[in-house]
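Undergrad: Take a look at this one; I'll ask things after.
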Amino acid sequence: MKSFFIGKYEIKLPIIQGGMGVGVSLSGLASAVANEGGVGVISAAGLGLLYPEYNGTYIEKCIYALKEEIRKTREKTYGIIGVNIMVALSNFKDMALTAVKEKIDVIFAGAGLPLDLPSYLTEESKTQLVPIVSSSRAARLICEKWLANYNYLPDAIVVEGPKAGGHLGFKTEQIENENYSLEHLIPEVVEVTKSYTNIKNIPVIAAGGIMTGEDIARFMELGASAVQMGSIFVPTEECDASLEFKKVYINSNKEDMRIIQSPVGMPGRAFDSEFIRSVAEGKEKPNSCPFNCIKTCDYTRSPYCIIKALYNAAKGNMKKGYAFAGSNAYLSDKIRSVKEVIEKLKADFFLSKAAHEAGVIGE
């Protein structure tokens, strides 16, 4: 596995840990992945719920919590760390400005087009900017807008395919369509980035359903410089979610995967649960909205409160929540350390590369 650069930062291990909220990827998981040479990522989603002892509004709690999680992560690692901030968050700007002020290494921004993200940087900023897209069209649009408006190009681009966990940037009917598969998307986005090589090298990072070293090798053959992996790091000792949440991953099978409709207005992939079935029966409708956490969510029309559901699940109350997961998350069989997970990925990657090269030589 070759190192690569996100802007000025060299990433020794070409693995970015996916940002998973609410409260699934915080300082514990992010620092563990960073210590192995990858990029550890804190999820900014719903952080205000995690520090109830702090006095202030939900927005103020989110800012405080992000500062605290960055501080805690820095205490545990000298590696590269990032923050994943959903563009759909109502406090996206506050979270982005806070992350920059706290000198986070990388901001990953998806669930919408972060067209004004470079405007949050200052001349002294050390933060690198990485949009998350689900099409070559979105990648080109971001590059064009950033270059024209801010004389800035992405420091990398994450391409998230329809096998990802959580919210998906696809219509429901596109999810199983091979024309929208990650295998199709990666070469298309690589072509977009090639048109800017005279200005800047923009590495492409493959994401969505990647669970094995063989997967990593395959997407690198297609032109990706690295991969983003989320689900594989949930059933680890260092993951910040509860043991009950992790057990959902190791006790489930392929038939438990569901595409659900989120209050955010996007389809999402999750493990089936008692709560999801209760939602289908119309039993979880919210009576109010104390957070206003998502721009596109209208609680009067929402089947449930997503931030509460994800928070409850991460804390272990699976009767009142559910676990988002990538399409291959059911392959997890036990709880390991982050180091063990990465060592196995490395071993399988090199075995896959060796087998591929032997096949080519044989021909």
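Residue numbering restarts at 1 for every chain of the structure tokens, chains are lettered A, B, ... in their displayed order, and ligands are numbered from 1 as they appear.
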When DSSP works through the backbone of this structure, what residues of region 243-355 of chain A end up as strand (DSSP E or B), shown as a tab-separated table (two decimals) with C-alpha atoms, in the first residue's frame?
TA:
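The result, written out as result.tsv:
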chain	number	residue	atom	x	y	z
A	257	MET	CA	-29.64	-5.06	5.40
A	258	ARG	CA	-32.34	-2.51	4.52
A	259	ILE	CA	-32.67	0.58	2.35
A	260	ILE	CA	-34.73	3.04	4.36
A	261	GLN	CA	-36.05	6.53	3.71
A	267	PRO	CA	-32.32	6.88	1.07
A	268	GLY	CA	-30.02	5.22	3.58
A	269	ARG	CA	-28.63	1.76	4.27
A	270	ALA	CA	-29.05	0.25	7.72
A	271	PHE	CA	-29.52	-2.98	9.61
A	294	ILE	CA	-30.88	19.07	9.48
A	324	PHE	CA	-26.42	2.54	9.64
A	336	ARG	CA	-10.98	-6.76	17.11
Undergrad: Excluding region 205-213 of chain A and any residue of its chain fewer than 4 positions from it, enumerate the residues within 6 Å of it, using only C-alpha atoms, and give them as a VMD selection string.
TA: chain A and resid 158 to 161 163 to 164 224 to 228 326 to 328 345 348 to 349
Undergrad: How many Å lie between CA of Asp105 (chain A) and CA of Thr77 (chain A), rounded to one decimal?
TA: 12.5 Å
Undergrad: Using only C-alpha atoms, which of A:Ser302, A:Asn317, A:Ser119, A:Thr127 sits nearest Phe245 (chain A)?
TA: A:Asn317
Undergrad: By how many Å are CA of Val133 (chain A) and CA of Leu331 (chain A) apart?
TA: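 Computing the Euclidean distance for CA of Val133 (chain A) and CA of Leu331 (chain A) yields 25.6 Å.
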Undergrad: Which polymer residues have any atom within 6 Å of an atom of Gly37 (chain A), counting only C-alpha atoms, with same-chain residues fewer than 2 positions away left out, as a list in words?
TA: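 The neighbour list is Lys12, Leu13, Ala34 and Asn35 of chain A.
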Undergrad: Which residues of region 153-255 of chain A come within 8 Å of region 15-30 of chain A, and for each one, what is the closest pair of atoms and their distance in Å to one decimal, counting only C-alpha atoms, sorted by chain and residue number, as JSON lines?
TA:
{"residue": "A:Ala226", "atom": "CA", "partner": "A:Ile15", "partner_atom": "CA", "distance": 5.8}
{"residue": "A:Val227", "atom": "CA", "partner": "A:Ile15", "partner_atom": "CA", "distance": 5.2}
{"residue": "A:Gln228", "atom": "CA", "partner": "A:Ile16", "partner_atom": "CA", "distance": 4.4}
{"residue": "A:Met229", "atom": "CA", "partner": "A:Gln17", "partner_atom": "CA", "distance": 5.1}
{"residue": "A:Gly230", "atom": "CA", "partner": "A:Gly18", "partner_atom": "CA", "distance": 4.3}
{"residue": "A:Ser231", "atom": "CA", "partner": "A:Gly18", "partner_atom": "CA", "distance": 8.0}
{"residue": "A:Phe233", "atom": "CA", "partner": "A:Gln17", "partner_atom": "CA", "distance": 7.6}
{"residue": "A:Val234", "atom": "CA", "partner": "A:Val24", "partner_atom": "CA", "distance": 7.5}
{"residue": "A:Glu238", "atom": "CA", "partner": "A:Leu29", "partner_atom": "CA", "distance": 5.0}
{"residue": "A:Cys239", "atom": "CA", "partner": "A:Leu29", "partner_atom": "CA", "distance": 4.7}
{"residue": "A:Asp240", "atom": "CA", "partner": "A:Val24", "partner_atom": "CA", "distance": 5.1}
{"residue": "A:Ala241", "atom": "CA", "partner": "A:Val24", "partner_atom": "CA", "distance": 4.6}
Undergrad: Fewer than 5 positions away in the same chain doesn't count, so skip those; otherwise give me all residues within 8 Å of region 99-104 of chain A, counting only C-alpha atoms, as a PDB file with N, CA and C atoms, in the first residue's frame.
TA:
ATOM      1  N   LEU A  66     -17.190  19.665  19.530  1.00  0.00           N
ATOM      2  CA  LEU A  66     -16.207  19.468  18.471  1.00  0.00           C
ATOM      3  C   LEU A  66     -14.811  19.857  18.952  1.00  0.00           C
ATOM      4  N   LYS A  67     -14.722  20.970  19.650  1.00  0.00           N
ATOM      5  CA  LYS A  67     -13.427  21.382  20.212  1.00  0.00           C
ATOM      6  C   LYS A  67     -12.876  20.309  21.151  1.00  0.00           C
ATOM      7  N   ILE A  70     -11.698  17.131  19.223  1.00  0.00           N
ATOM      8  CA  ILE A  70     -10.411  17.381  18.556  1.00  0.00           C
ATOM      9  C   ILE A  70      -9.288  17.388  19.583  1.00  0.00           C
ATOM     10  N   ILE A  81      -5.643  13.724  11.448  1.00  0.00           N
ATOM     11  CA  ILE A  81      -7.037  13.569  11.836  1.00  0.00           C
ATOM     12  C   ILE A  81      -7.926  14.523  11.034  1.00  0.00           C
ATOM     13  N   GLY A  82      -9.168  14.108  10.856  1.00  0.00           N
ATOM     14  CA  GLY A  82     -10.121  14.917  10.109  1.00  0.00           C
ATOM     15  C   GLY A  82     -11.454  14.992  10.812  1.00  0.00           C
ATOM     16  N   VAL A  83     -12.322  15.823  10.267  1.00  0.00           N
ATOM     17  CA  VAL A  83     -13.704  15.940  10.738  1.00  0.00           C
ATOM     18  C   VAL A  83     -14.614  15.756   9.538  1.00  0.00           C
ATOM     19  N   TYR A 120     -14.214  29.414   4.226  1.00  0.00           N
ATOM     20  CA  TYR A 120     -14.009  29.351   5.668  1.00  0.00           C
ATOM     21  C   TYR A 120     -12.534  29.311   6.059  1.00  0.00           C
ATOM     22  N   LEU A 121     -11.672  29.172   5.080  1.00  0.00           N
ATOM     23  CA  LEU A 121     -10.234  29.158   5.358  1.00  0.00           C
ATOM     24  C   LEU A 121      -9.700  30.578   5.545  1.00  0.00           C
ATOM     25  N   SER A 125      -4.573  29.135   7.684  1.00  0.00           N
ATOM     26  CA  SER A 125      -5.185  27.811   7.825  1.00  0.00           C
ATOM     27  C   SER A 125      -4.265  26.691   7.356  1.00  0.00           C
ATOM     28  N   LYS A 126      -4.300  25.590   8.113  1.00  0.00           N
ATOM     29  CA  LYS A 126      -3.552  24.394   7.754  1.00  0.00           C
ATOM     30  C   LYS A 126      -4.490  23.265   7.328  1.00  0.00           C
ATOM     31  N   THR A 127      -5.781  23.552   7.338  1.00  0.00           N
ATOM     32  CA  THR A 127      -6.789  22.534   7.051  1.00  0.00           C
ATOM     33  C   THR A 127      -6.918  22.273   5.554  1.00  0.00           C
TER      34      THR A 127
END
Undergrad: Between CA of Ile42 (chain A) and CA of Phe170 (chain A), what distance in Å does the model show, to one decimal?
TA: 24.1 Å
Undergrad: Using only C-alpha atoms, pick whichever of A:Leu182, A:Leu50, A:Val264, A:Ala314 has the shortest atom-to-atom distance to Asp215 (chain A).
TA: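 The closest residue to Asp215 (chain A) is A:Leu182.
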Undergrad: Write out as a list of chain:residue names the residues lying within 12 Å of Glu191 (chain A), counting only C-alpha atoms and excluding same-chain residues fewer than 3 positions away.
TA: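 Selected residues are A:Ser135, A:Ser136, A:Arg137, A:Ala139, A:Arg140, A:His184, A:Leu185, A:Ile186, A:Pro187, A:Glu188, A:Lys194, A:Ser195, A:Tyr196, A:Thr197, A:Ile202, A:Pro203, A:Val204, A:Leu222, A:Gly223, A:Ala224.
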Undergrad: Rank A:Leu89, A:Leu153, A:Val192, A:Met266 by their smallest atom-to-atom distance to Ile175 (chain A), using only C-alpha atoms, and report the top residue only.
TA: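 Going through A:Leu89, A:Leu153, A:Val192, A:Met266 one by one, the smallest distance to Ile175 (chain A) is for A:Met266.
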